[in-house]
Amino acid sequence: MKKTILTGDRPTGQLHLGHYVGSLKSRLKFQNDYDTIILIANIQALTDNFDNPKKVSENILEVLKDYISVGLDPNLVTFVLQSDISEIAELTVLYSNLVTISRLMRNPTVKSEIIEKKNKFSNDLITLGFLGYPVSQAADITAFMADLVPVGEDQAPMLEQTIEIVKKFNNIYGNILKVPKIYISDVPRLVGLDGKSKMSKSIGNTINFSDTTNIIKNKIMSMYTDPNRIHKNDPGNVEGNPVFIYHNIFNSNKEEVKDLESRYRIGRVGDVEVKEKLFKVIEEFISPIRERRLSLEGKDKYLFEILKSGTKRGRDIASKTLYNVKNSMDLNFLEN
Ligand code: ATP
Ligand code: MG
């Protein structure tokens, strides 16, 4: 029997290069060998978009189009919609006694997201739903009895928390749940176009698969580079410079990258040339994805069918897990 992968994304916008290097690339690598289940986390997306449900619902098919366009094969992969698997919500409630509020507050990803929220909004926006989202992720992962979870580095604290919940559960109620493993890719976290530590939909510092050639060109030509370099013959900094980070990840012409780096260090190449070369590389990478994406426009019926049949299969798996979980917690009172 194949082992299971569970991973997913929040439908809060279109997918971008950060998703590709952090997680989609691993999913592509494993889709033939693992039973791959991909969750579109529309309930989790509401934790910080609860007042804008349209934004979430409108992005469900967009994310599905992104999946198929990058090469995830609907014949191999099960795509599921979180809101139609109510077993996940039940599991979340059942696990919520196994984690303390202080442990959730110590979760480094939650901690930095709280700081972001405090900077953005003056009022207190830390809802129960937001604080509890690591528990709902434990429910996502365990519902499908996942063995492996390929995610970006920002998700590592979530997986640690899931493993703690699983171990605690198994300790108290018996060996019911599987302890999952994290899989982090060779690019655990892609910096944003603005040099911020993470390319992220909610920051808006992304290159999306759906971006047109012109949009990509404009985004790359205005990318953050070495802020201390004013003239093109000033020596520049390559380390930590997003333009060179992207070159190193996406440009397969390693000699070109080495040449640009050494000329940049001694002030013999302008930012414009480095960026134009990067634009060429990124455009080459994205254009076939963009084309496949365009060919899916107007095929909503086909996309709905994929999501409906995947969700049905996902629900069958999750309901077996929920049955076992409730049984072990003596919550089968009326069934006996
Ligand atoms: P949001 O800003 O709404 O949180 P996001 O851009 O962070 O969106 P998510 O849907 O939260 O995207 O992330 C989905 C998956 O993609 C996760 O596994 C996450 O670790 C990975 N991922 C997202 N952005 C990056 C990135 N810049 N580098 C590496 N992995 C990433
Ligand atoms: Mg995120």
# chains A, B, ... in the order shown; residues from 1 in each chain; ligands from 1
$ residues_near_ligand --ligand "ligand 1" --cutoff "7 Å" --atoms "only C-alpha atoms and all ligand atoms" --output "list in words"
Thr7, Gly8, Asp9, Arg10, Pro11, Thr12, Gly18, His19, Val21, Gly22, Ser23, Pro150, Val151, Gly152, Glu153, Asp154, Gln155, Val187, Pro188, Arg189, Leu190, Val191, Gly192, Lys198, Met199, Ser200, Lys201, Ser202 and Ile203 of chain A
$ residues_around --residues "Asn241 of chain A" --least-positions-apart "3" --cutoff "7 Å" --atoms "only C-alpha atoms" --output "list of chain:residue names"
A:Thr225, A:Asp226, A:Asn237, A:Val238, A:Phe244, A:Ile245
$ atom_distance --atom1 "atom CA of Tyr224 of chain A" --atom2 "atom CA of Leu193 of chain A"
6.2 Å
$ closest_atom_pairs --of "segment 298-317 of chain A" --to "segment 137-149 of chain A" --cutoff "10 Å" --atoms "only C-alpha atoms" --output "CSV"
residue,atom,partner,partner_atom,distance
A:Gly314,CA,A:Phe144,CA,7.3
A:Arg315,CA,A:Phe144,CA,8.9
A:Asp316,CA,A:Phe144,CA,9.4
A:Ile317,CA,A:Phe144,CA,6.0
$ write_last_selection --atoms "N, CA and C atoms" --output "mmCIF file, in the first residue's frame"
data_model
loop_
_atom_site.group_PDB
_atom_site.id
_atom_site.type_symbol
_atom_site.label_atom_id
_atom_site.label_comp_id
_atom_site.auth_asym_id
_atom_site.auth_seq_id
_atom_site.Cartn_x
_atom_site.Cartn_y
_atom_site.Cartn_z
ATOM 1 N N GLY A 314 -12.001 11.957 0.031
ATOM 2 C CA GLY A 314 -11.383 12.456 1.264
ATOM 3 C C GLY A 314 -12.302 12.272 2.452
ATOM 4 N N ARG A 315 -13.584 12.523 2.204
ATOM 5 C CA ARG A 315 -14.546 12.422 3.294
ATOM 6 C C ARG A 315 -14.669 10.987 3.803
ATOM 7 N N ASP A 316 -14.610 10.042 2.879
ATOM 8 C CA ASP A 316 -14.668 8.629 3.282
ATOM 9 C C ASP A 316 -13.498 8.277 4.198
ATOM 10 N N ILE A 317 -12.319 8.760 3.824
ATOM 11 C CA ILE A 317 -11.141 8.459 4.651
ATOM 12 C C ILE A 317 -11.282 9.128 6.024
#
$ residues_around --residues "Ile37 of chain A" --least-positions-apart "4" --cutoff "7 Å" --atoms "only C-alpha atoms" --output "short mmCIF file (atom, residue, chain, number, x, y, z; two decimals) with N, CA, C and O atoms, in the first residue's frame"
data_model
loop_
_atom_site.label_atom_id
_atom_site.label_comp_id
_atom_site.auth_asym_id
_atom_site.auth_seq_id
_atom_site.Cartn_x
_atom_site.Cartn_y
_atom_site.Cartn_z
N ILE A 5 0.46 11.33 1.51
CA ILE A 5 0.91 12.72 1.68
C ILE A 5 -0.32 13.59 1.90
O ILE A 5 -1.34 13.42 1.24
N LEU A 6 -0.22 14.49 2.88
CA LEU A 6 -1.26 15.50 3.00
C LEU A 6 -0.58 16.85 3.07
O LEU A 6 0.38 17.03 3.83
N THR A 7 -1.05 17.75 2.25
CA THR A 7 -0.58 19.12 2.34
C THR A 7 -1.65 20.00 1.70
O THR A 7 -2.65 19.49 1.19
N VAL A 77 -3.74 12.65 -8.06
CA VAL A 77 -3.87 13.41 -6.81
C VAL A 77 -5.34 13.55 -6.43
O VAL A 77 -6.20 13.72 -7.30
N THR A 78 -5.63 13.46 -5.12
CA THR A 78 -6.98 13.71 -4.62
C THR A 78 -7.04 15.14 -4.09
O THR A 78 -6.35 15.48 -3.12
N PHE A 79 -7.82 15.98 -4.74
CA PHE A 79 -7.98 17.37 -4.28
C PHE A 79 -9.24 17.45 -3.42
O PHE A 79 -10.32 17.03 -3.86
#
$ select_by_dssp --residues "segment 24-214 of chain A" --states "alpha helix (DSSP H)" --output "VMD selection string"
chain A and resid 25 to 30 42 to 46 53 to 58 60 to 70 86 to 95 101 to 106 108 to 120 128 to 131 133 to 143 156 to 173 213 to 214
$ residues_around --residues "Asn42 of chain A" --least-positions-apart "6" --cutoff "12 Å" --atoms "only C-alpha atoms" --output "ChimeraX atom specification"
/A:8-13,48-50,52-61,63,80-85,136,140
$ decode --residues "segment 148-159 of chain A" --atoms "all heavy atoms" --output "compact mmCIF listing (two decimals), in the first residue's frame"
# COMPACT_ATOMS: atom_id res chain seq x y z
N LEU A 148 3.47 11.80 5.40
CA LEU A 148 4.44 12.83 5.04
C LEU A 148 3.72 14.14 4.70
O LEU A 148 2.69 14.13 4.02
CB LEU A 148 5.23 12.34 3.80
CG LEU A 148 6.53 13.06 3.50
CD1 LEU A 148 7.55 12.82 4.61
CD2 LEU A 148 7.11 12.58 2.16
N VAL A 149 4.31 15.25 5.17
CA VAL A 149 3.70 16.56 4.94
C VAL A 149 4.74 17.50 4.32
O VAL A 149 5.60 18.02 5.02
CB VAL A 149 3.16 17.15 6.27
CG1 VAL A 149 2.42 18.45 6.03
CG2 VAL A 149 2.27 16.15 7.00
N PRO A 150 4.71 17.69 2.99
CA PRO A 150 5.69 18.58 2.35
C PRO A 150 5.24 20.03 2.41
O PRO A 150 4.28 20.41 1.74
CB PRO A 150 5.74 18.09 0.90
CG PRO A 150 4.59 17.15 0.73
CD PRO A 150 3.83 17.05 2.01
N VAL A 151 5.94 20.83 3.20
CA VAL A 151 5.54 22.23 3.40
C VAL A 151 6.77 23.13 3.47
O VAL A 151 7.89 22.65 3.62
CB VAL A 151 4.75 22.41 4.73
CG1 VAL A 151 3.31 21.96 4.58
CG2 VAL A 151 5.43 21.69 5.88
N GLY A 152 6.53 24.43 3.41
CA GLY A 152 7.59 25.40 3.60
C GLY A 152 7.98 25.47 5.07
O GLY A 152 7.24 24.99 5.95
N GLU A 153 9.14 26.10 5.30
CA GLU A 153 9.71 26.15 6.65
C GLU A 153 8.79 26.80 7.67
O GLU A 153 8.79 26.43 8.85
CB GLU A 153 11.01 26.95 6.52
CG GLU A 153 11.85 27.08 7.72
CD GLU A 153 13.01 28.02 7.40
OE1 GLU A 153 12.76 29.19 7.02
OE2 GLU A 153 14.15 27.57 7.51
N ASP A 154 7.97 27.77 7.22
CA ASP A 154 7.07 28.46 8.15
C ASP A 154 6.07 27.50 8.79
O ASP A 154 5.47 27.81 9.81
CB ASP A 154 6.32 29.60 7.44
CG ASP A 154 5.47 29.09 6.26
OD1 ASP A 154 6.04 28.44 5.37
OD2 ASP A 154 4.26 29.34 6.26
N GLN A 155 5.90 26.34 8.16
CA GLN A 155 4.94 25.37 8.68
C GLN A 155 5.55 24.37 9.66
O GLN A 155 4.83 23.57 10.26
CB GLN A 155 4.29 24.60 7.52
CG GLN A 155 3.40 25.46 6.65
CD GLN A 155 2.26 26.06 7.44
OE1 GLN A 155 1.55 25.34 8.15
NE2 GLN A 155 2.09 27.36 7.35
N ALA A 156 6.87 24.43 9.85
CA ALA A 156 7.52 23.46 10.74
C ALA A 156 6.95 23.49 12.17
O ALA A 156 6.67 22.44 12.75
CB ALA A 156 9.03 23.66 10.73
N PRO A 157 6.73 24.69 12.73
CA PRO A 157 6.15 24.72 14.09
C PRO A 157 4.75 24.10 14.15
O PRO A 157 4.36 23.56 15.19
CB PRO A 157 6.08 26.21 14.42
CG PRO A 157 7.06 26.86 13.52
CD PRO A 157 7.07 26.06 12.27
N MET A 158 4.02 24.18 13.04
CA MET A 158 2.67 23.58 13.00
C MET A 158 2.78 22.07 13.06
O MET A 158 2.01 21.39 13.73
CB MET A 158 1.94 23.94 11.70
CG MET A 158 1.80 25.40 11.46
SD MET A 158 0.90 26.17 12.81
CE MET A 158 1.41 27.85 12.59
N LEU A 159 3.76 21.56 12.34
CA LEU A 159 3.91 20.11 12.33
C LEU A 159 4.39 19.60 13.68
O LEU A 159 3.94 18.54 14.14
CB LEU A 159 4.84 19.68 11.21
CG LEU A 159 4.28 18.37 10.70
CD1 LEU A 159 3.10 18.60 9.81
CD2 LEU A 159 5.30 17.52 10.07
